[in-house]
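Below: the structure, in structure tokens.
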Amino acid sequence: MLRRWSCLFKGPLLVQRYLAGDPQESYELAQVAEFTQCYRQRLASLSWFMKCLNEPIARQANQEDGCTGHFWEARFKSQALRTEAALISCKAYVDLNPVRAGMAATPEASDHTSIRERIAPRFELAQAVREQMRMEALLRFDGPVKPLLPFEGAFADREQPGIPFAFEDYLALVDYTGRAIDPRKKGAIASTQPPILQRLGFTPDQWLDQSTRFEALYRPQRRQSTA
């Protein structure tokens, strides 16, 4: 637990000495145990997660703008996703944000979205981790570098670590939803746009082959980044 915490923060001197294997008195070990319990609660806290996520972004943005003070209006808005329908609708909502904001005409032309990354992988996670460490937003990263969670297809009578939907169906859902005009939003996918697979130049069979090899597309990048 202390090693996990020290990936983000240096921690007090007592914790640094404990991790270094230095001998400590009983009262010092008791204090380290209290720190451990505190850090355990923080690492399981959504509020602390958002704090750690937002802080380096706010610091960089304020540096670019030459200003100080709060960058975010609030830390987060929490909404429980209790069903698969809620999960997939939230994913579609986030993937369509650039379209709704009028920043992109189609999902595959948007920036900084998972749907764009799934269609044409280009983001090197290992490189991003190294960049965060260079900026000291992350002190250490010992865990494995993992790609986006894959779509698995239909529900099955087994534990499913991935998303229990077909990616082709998700693309069609996002495409359909993006065409619906929302008077509260600036943009929508134009009704004259062809279906998304046609825009990508895939037949359904070609797309099925492409989507089932999604993880394989990442492995060469990850090996190259690690080398």
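Chain lettering (A, B, ...) mirrors the order of the structure tokens, residue numbering begins at 1 for each chain separately, and ligand numbering begins at 1 in order of display.
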Produce a table with one row for each residue of stretch 85-126 of chain A that has an atom at most 8 Å from any atom of stretch 140-160 of chain A, each row naming the nearest atom pair and its distance in Å at one decimal; use only C-alpha atoms; arrange rows by chain and rising residue number; format as a Markdown table.
```
| residue | atom | partner | partner_atom | distance |
| --- | --- | --- | --- | --- |
| A:Ser114 | CA | A:Leu148 | CA | 7.8 |
| A:Arg118 | CA | A:Leu148 | CA | 7.9 |
| A:Leu125 | CA | A:Val145 | CA | 6.8 |
| A:Ala126 | CA | A:Val145 | CA | 6.4 |
```
Residues within 9 Å of stretch 183-193 of chain A, only C-alpha atoms, excluding chain neighbours under 5 positions, as a ChimeraX atom specification: /A:96,98-107,175-178,199
How about saving the chosen residues, N, CA and C atoms kept, as a short mmCIF file (atom, residue, chain, number, x, y, z; two decimals), in the first residue's frame?
```
data_model
loop_
_atom_site.label_atom_id
_atom_site.label_comp_id
_atom_site.auth_asym_id
_atom_site.auth_seq_id
_atom_site.Cartn_x
_atom_site.Cartn_y
_atom_site.Cartn_z
N LEU A 96 -19.35 11.09 -28.02
CA LEU A 96 -20.00 12.06 -28.90
C LEU A 96 -19.80 13.50 -28.45
N PRO A 98 -17.25 15.65 -28.63
CA PRO A 98 -16.71 16.58 -29.63
C PRO A 98 -17.71 16.88 -30.75
N VAL A 99 -18.53 15.89 -31.13
CA VAL A 99 -19.54 16.13 -32.16
C VAL A 99 -20.60 17.09 -31.64
N ARG A 100 -21.08 16.86 -30.44
CA ARG A 100 -22.11 17.73 -29.85
C ARG A 100 -21.61 19.15 -29.64
N ALA A 101 -20.31 19.29 -29.36
CA ALA A 101 -19.73 20.62 -29.15
C ALA A 101 -19.39 21.32 -30.46
N GLY A 102 -19.60 20.64 -31.60
CA GLY A 102 -19.29 21.23 -32.89
C GLY A 102 -17.81 21.24 -33.20
N MET A 103 -17.02 20.43 -32.49
CA MET A 103 -15.57 20.39 -32.70
C MET A 103 -15.17 19.32 -33.72
N ALA A 104 -16.06 18.39 -34.03
CA ALA A 104 -15.78 17.34 -35.01
C ALA A 104 -17.08 16.99 -35.74
N ALA A 105 -16.95 16.63 -37.01
CA ALA A 105 -18.15 16.31 -37.79
C ALA A 105 -18.61 14.88 -37.54
N THR A 106 -17.67 13.99 -37.22
CA THR A 106 -17.98 12.58 -37.00
C THR A 106 -17.14 12.05 -35.84
N PRO A 107 -17.55 10.95 -35.21
CA PRO A 107 -16.77 10.40 -34.10
C PRO A 107 -15.35 10.00 -34.50
N ASP A 175 -23.18 6.15 -34.00
CA ASP A 175 -23.51 6.82 -35.25
C ASP A 175 -24.98 7.24 -35.27
N TYR A 176 -25.85 6.34 -34.85
CA TYR A 176 -27.28 6.63 -34.81
C TYR A 176 -27.59 7.74 -33.81
N THR A 177 -26.99 7.64 -32.62
CA THR A 177 -27.25 8.63 -31.58
C THR A 177 -26.72 10.00 -31.98
N GLY A 178 -25.57 10.02 -32.65
CA GLY A 178 -24.98 11.29 -33.05
C GLY A 178 -25.78 12.03 -34.10
N ARG A 199 -18.14 4.88 -44.06
CA ARG A 199 -17.19 6.00 -44.02
C ARG A 199 -15.78 5.50 -43.75
#
```
In stretch 72-212 of chain A, DSSP alpha helix (DSSP H) residues written as an NGL selection string: :A and (84-95 or 97-100 or 114-119 or 125-134 or 167-179 or 196-200 or 204-212)
Two-atom distance - atom CA of A:Ser110, atom CA of A:Arg82 (Å):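 Between atom CA of A:Ser110 and atom CA of A:Arg82 the gap works out to 27.9 Å.
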Distance in Å - atom CA of A:Met50 versus atom CA of A:Arg116: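 For atom CA of A:Met50 relative to atom CA of A:Arg116, the distance reads 23.8 Å.
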I want to know what sits within 8 Å of stretch 130-139 of chain A, based on only C-alpha atoms, with residues of the same chain fewer than 4 positions away left out; could you give that as a PDB file with N, CA and C atoms, in the first residue's frame?
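Done, and the output landed in around-v5.pdb:
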```
ATOM      1  N   SER A   6       3.444   5.875  -2.799  1.00  0.00           N
ATOM      2  CA  SER A   6       4.678   6.584  -3.125  1.00  0.00           C
ATOM      3  C   SER A   6       4.880   6.749  -4.628  1.00  0.00           C
ATOM      4  N   CYS A   7       4.057   6.077  -5.457  1.00  0.00           N
ATOM      5  CA  CYS A   7       4.088   6.326  -6.898  1.00  0.00           C
ATOM      6  C   CYS A   7       3.546   7.720  -7.219  1.00  0.00           C
ATOM      7  N   LEU A   8       2.694   8.239  -6.341  1.00  0.00           N
ATOM      8  CA  LEU A   8       2.085   9.546  -6.547  1.00  0.00           C
ATOM      9  C   LEU A   8       2.709  10.632  -5.680  1.00  0.00           C
ATOM     10  N   PHE A   9       3.030  10.289  -4.425  1.00  0.00           N
ATOM     11  CA  PHE A   9       3.544  11.267  -3.480  1.00  0.00           C
ATOM     12  C   PHE A   9       4.781  10.695  -2.770  1.00  0.00           C
ATOM     13  N   LYS A  10       5.679  11.580  -2.384  1.00  0.00           N
ATOM     14  CA  LYS A  10       6.875  11.123  -1.666  1.00  0.00           C
ATOM     15  C   LYS A  10       6.529  10.590  -0.285  1.00  0.00           C
ATOM     16  N   PRO A  56      -2.521  18.013 -11.887  1.00  0.00           N
ATOM     17  CA  PRO A  56      -1.468  18.323 -12.872  1.00  0.00           C
ATOM     18  C   PRO A  56      -2.018  19.002 -14.122  1.00  0.00           C
ATOM     19  N   ALA A 126       2.614   3.802 -22.725  1.00  0.00           N
ATOM     20  CA  ALA A 126       3.917   3.774 -22.049  1.00  0.00           C
ATOM     21  C   ALA A 126       4.624   5.114 -22.187  1.00  0.00           C
TER      22      ALA A 126
END
```
Point-to-point distance from atom CA of A:Ile163 to atom CA of A:Pro195, Å rounded to tenths: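 Calculated distance between atom CA of A:Ile163 and atom CA of A:Pro195 is 22.8 Å.
Proximity to A:Ile88 at 12 Å, evaluated using only C-alpha atoms and with sequence-adjacent residues fewer than 5 positions away removed, yields Leu81, Arg82, Thr83, Tyr93, Val94, Asp95, Phe151, Ile163, Pro164, Phe165, Ala166, Phe167, Asp169, Tyr170, Leu171, Leu173, Val174 and Thr177 of chain A.
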